[in-house]
Amino acid sequence: MKNLKELSERRAAAAQAKQQLLKKFEAAPKPDDPDMVAKRAEREAIAAAREARRADRERAAQEDIARKAAEAEAIARAASAEADAREADAKNRIARVLVDEAERKAERDRRYAARKAKQR
């Protein structure tokens, strides 16, 4: 008989626990409760603000990437222009050396021709 008494007590305790859970669930605020609506609206506002901040960060990151790309392009153009200027300067030096060489040769040929003309 002791087992039956324990079994009935356990059943009664389980039933009482169920009843308490049901009361707790029924006492919980409903979705259309003004407090719940206000909390939901607050959470939605926080989520919207969080999304706006994320979008701002993403936009700022994209602008930073675009700015860095523009700076890199400007640096590359400047380096290319500098290399072109150095190359042009080197070509001008070579051209001046060739012109000077040609002038010296022409002067030397003129002196040679003058010497030959004297000898005749």
# chains A, B, ... in the order shown; residues from 1 in each chain; ligands from 1
>>> select_by_dssp(residues="range 8-43 of chain A", states="alpha helix (DSSP H)", output="count of residues only")
30
>>> atom_distance(atom1="CA of Glu71 in chain A", atom2="CA of Glu87 in chain A")
23.9 Å
>>> decode(residues="range 10-57 of chain A", atoms="N, CA and C atoms", output="compact mmCIF listing (two decimals), in the first residue's frame")
# COMPACT_ATOMS: atom_id res chain seq x y z
N ARG A 10 2.77 11.44 -5.94
CA ARG A 10 3.56 11.89 -7.09
C ARG A 10 2.66 12.42 -8.19
N ARG A 11 1.51 11.71 -8.40
CA ARG A 11 0.56 12.18 -9.42
C ARG A 11 -0.03 13.52 -9.03
N ALA A 12 -0.35 13.66 -7.79
CA ALA A 12 -0.93 14.92 -7.30
C ALA A 12 0.09 16.05 -7.43
N ALA A 13 1.34 15.76 -7.11
CA ALA A 13 2.38 16.78 -7.23
C ALA A 13 2.58 17.17 -8.69
N ALA A 14 2.55 16.21 -9.58
CA ALA A 14 2.70 16.50 -11.00
C ALA A 14 1.53 17.33 -11.51
N ALA A 15 0.33 16.98 -11.10
CA ALA A 15 -0.86 17.73 -11.51
C ALA A 15 -0.79 19.16 -10.99
N GLN A 16 -0.34 19.30 -9.73
CA GLN A 16 -0.23 20.63 -9.15
C GLN A 16 0.83 21.45 -9.91
N ALA A 17 1.94 20.83 -10.28
CA ALA A 17 2.98 21.53 -11.04
C ALA A 17 2.44 21.97 -12.39
N LYS A 18 1.64 21.10 -13.03
CA LYS A 18 1.02 21.47 -14.31
C LYS A 18 0.10 22.67 -14.14
N GLN A 19 -0.69 22.65 -13.09
CA GLN A 19 -1.60 23.75 -12.83
C GLN A 19 -0.84 25.06 -12.62
N GLN A 20 0.26 24.99 -11.89
CA GLN A 20 1.07 26.19 -11.66
C GLN A 20 1.67 26.71 -12.97
N LEU A 21 2.14 25.80 -13.81
CA LEU A 21 2.67 26.22 -15.11
C LEU A 21 1.59 26.87 -15.97
N LEU A 22 0.38 26.29 -15.94
CA LEU A 22 -0.72 26.88 -16.71
C LEU A 22 -1.08 28.27 -16.18
N LYS A 23 -1.10 28.44 -14.86
CA LYS A 23 -1.40 29.75 -14.28
C LYS A 23 -0.33 30.77 -14.68
N LYS A 24 0.94 30.30 -14.62
CA LYS A 24 2.04 31.19 -14.99
C LYS A 24 1.92 31.59 -16.46
N PHE A 25 1.59 30.64 -17.32
CA PHE A 25 1.46 30.92 -18.75
C PHE A 25 0.30 31.86 -19.01
N GLU A 26 -0.83 31.63 -18.33
CA GLU A 26 -2.00 32.49 -18.50
C GLU A 26 -1.74 33.90 -17.96
N ALA A 27 -0.90 34.01 -16.94
CA ALA A 27 -0.60 35.32 -16.35
C ALA A 27 0.40 36.10 -17.21
N ALA A 28 1.08 35.42 -18.10
CA ALA A 28 2.07 36.10 -18.95
C ALA A 28 1.35 37.11 -19.84
N PRO A 29 2.02 38.24 -20.16
CA PRO A 29 1.37 39.26 -20.99
C PRO A 29 1.11 38.74 -22.41
N LYS A 30 0.02 39.14 -22.97
CA LYS A 30 -0.37 38.73 -24.32
C LYS A 30 0.35 39.61 -25.35
N PRO A 31 0.47 39.15 -26.60
CA PRO A 31 1.18 39.94 -27.62
C PRO A 31 0.55 41.31 -27.87
N ASP A 32 -0.75 41.46 -27.65
CA ASP A 32 -1.39 42.75 -27.89
C ASP A 32 -1.43 43.63 -26.65
N ASP A 33 -0.76 43.21 -25.59
CA ASP A 33 -0.67 43.98 -24.36
C ASP A 33 0.13 45.27 -24.66
N PRO A 34 -0.31 46.44 -24.17
CA PRO A 34 0.40 47.70 -24.47
C PRO A 34 1.89 47.68 -24.08
N ASP A 35 2.20 47.05 -22.95
CA ASP A 35 3.62 46.96 -22.56
C ASP A 35 4.41 46.14 -23.58
N MET A 36 3.83 45.05 -24.02
CA MET A 36 4.51 44.18 -24.99
C MET A 36 4.66 44.91 -26.33
N VAL A 37 3.64 45.65 -26.73
CA VAL A 37 3.71 46.42 -27.98
C VAL A 37 4.82 47.46 -27.88
N ALA A 38 4.90 48.14 -26.74
CA ALA A 38 5.93 49.17 -26.55
C ALA A 38 7.32 48.53 -26.57
N LYS A 39 7.49 47.38 -25.90
CA LYS A 39 8.78 46.70 -25.90
C LYS A 39 9.17 46.24 -27.31
N ARG A 40 8.18 45.70 -28.03
CA ARG A 40 8.44 45.26 -29.41
C ARG A 40 8.86 46.45 -30.27
N ALA A 41 8.17 47.57 -30.13
CA ALA A 41 8.51 48.76 -30.91
C ALA A 41 9.91 49.25 -30.55
N GLU A 42 10.26 49.20 -29.26
CA GLU A 42 11.59 49.61 -28.83
C GLU A 42 12.66 48.70 -29.43
N ARG A 43 12.41 47.38 -29.40
CA ARG A 43 13.37 46.43 -29.99
C ARG A 43 13.52 46.66 -31.49
N GLU A 44 12.39 46.94 -32.16
CA GLU A 44 12.46 47.21 -33.60
C GLU A 44 13.24 48.49 -33.89
N ALA A 45 13.06 49.52 -33.04
CA ALA A 45 13.80 50.77 -33.22
C ALA A 45 15.29 50.53 -33.00
N ILE A 46 15.63 49.74 -32.00
CA ILE A 46 17.04 49.43 -31.74
C ILE A 46 17.63 48.66 -32.91
N ALA A 47 16.87 47.70 -33.44
CA ALA A 47 17.35 46.92 -34.59
C ALA A 47 17.54 47.81 -35.81
N ALA A 48 16.60 48.74 -36.01
CA ALA A 48 16.72 49.66 -37.16
C ALA A 48 17.95 50.55 -37.00
N ALA A 49 18.18 51.04 -35.79
CA ALA A 49 19.35 51.89 -35.55
C ALA A 49 20.63 51.08 -35.75
N ARG A 50 20.63 49.83 -35.30
CA ARG A 50 21.80 48.97 -35.47
C ARG A 50 22.08 48.74 -36.97
N GLU A 51 21.01 48.52 -37.72
CA GLU A 51 21.16 48.31 -39.17
C GLU A 51 21.67 49.58 -39.85
N ALA A 52 21.19 50.73 -39.40
CA ALA A 52 21.66 52.00 -39.97
C ALA A 52 23.14 52.21 -39.68
N ARG A 53 23.56 51.89 -38.45
CA ARG A 53 24.98 52.02 -38.11
C ARG A 53 25.83 51.06 -38.94
N ARG A 54 25.33 49.84 -39.13
CA ARG A 54 26.05 48.86 -39.95
C ARG A 54 26.17 49.36 -41.39
N ALA A 55 25.09 49.92 -41.92
CA ALA A 55 25.12 50.45 -43.28
C ALA A 55 26.11 51.62 -43.38
N ASP A 56 26.13 52.49 -42.35
CA ASP A 56 27.09 53.60 -42.34
C ASP A 56 28.53 53.09 -42.31
N ARG A 57 28.78 52.08 -41.48
CA ARG A 57 30.14 51.51 -41.42
C ARG A 57 30.52 50.91 -42.77
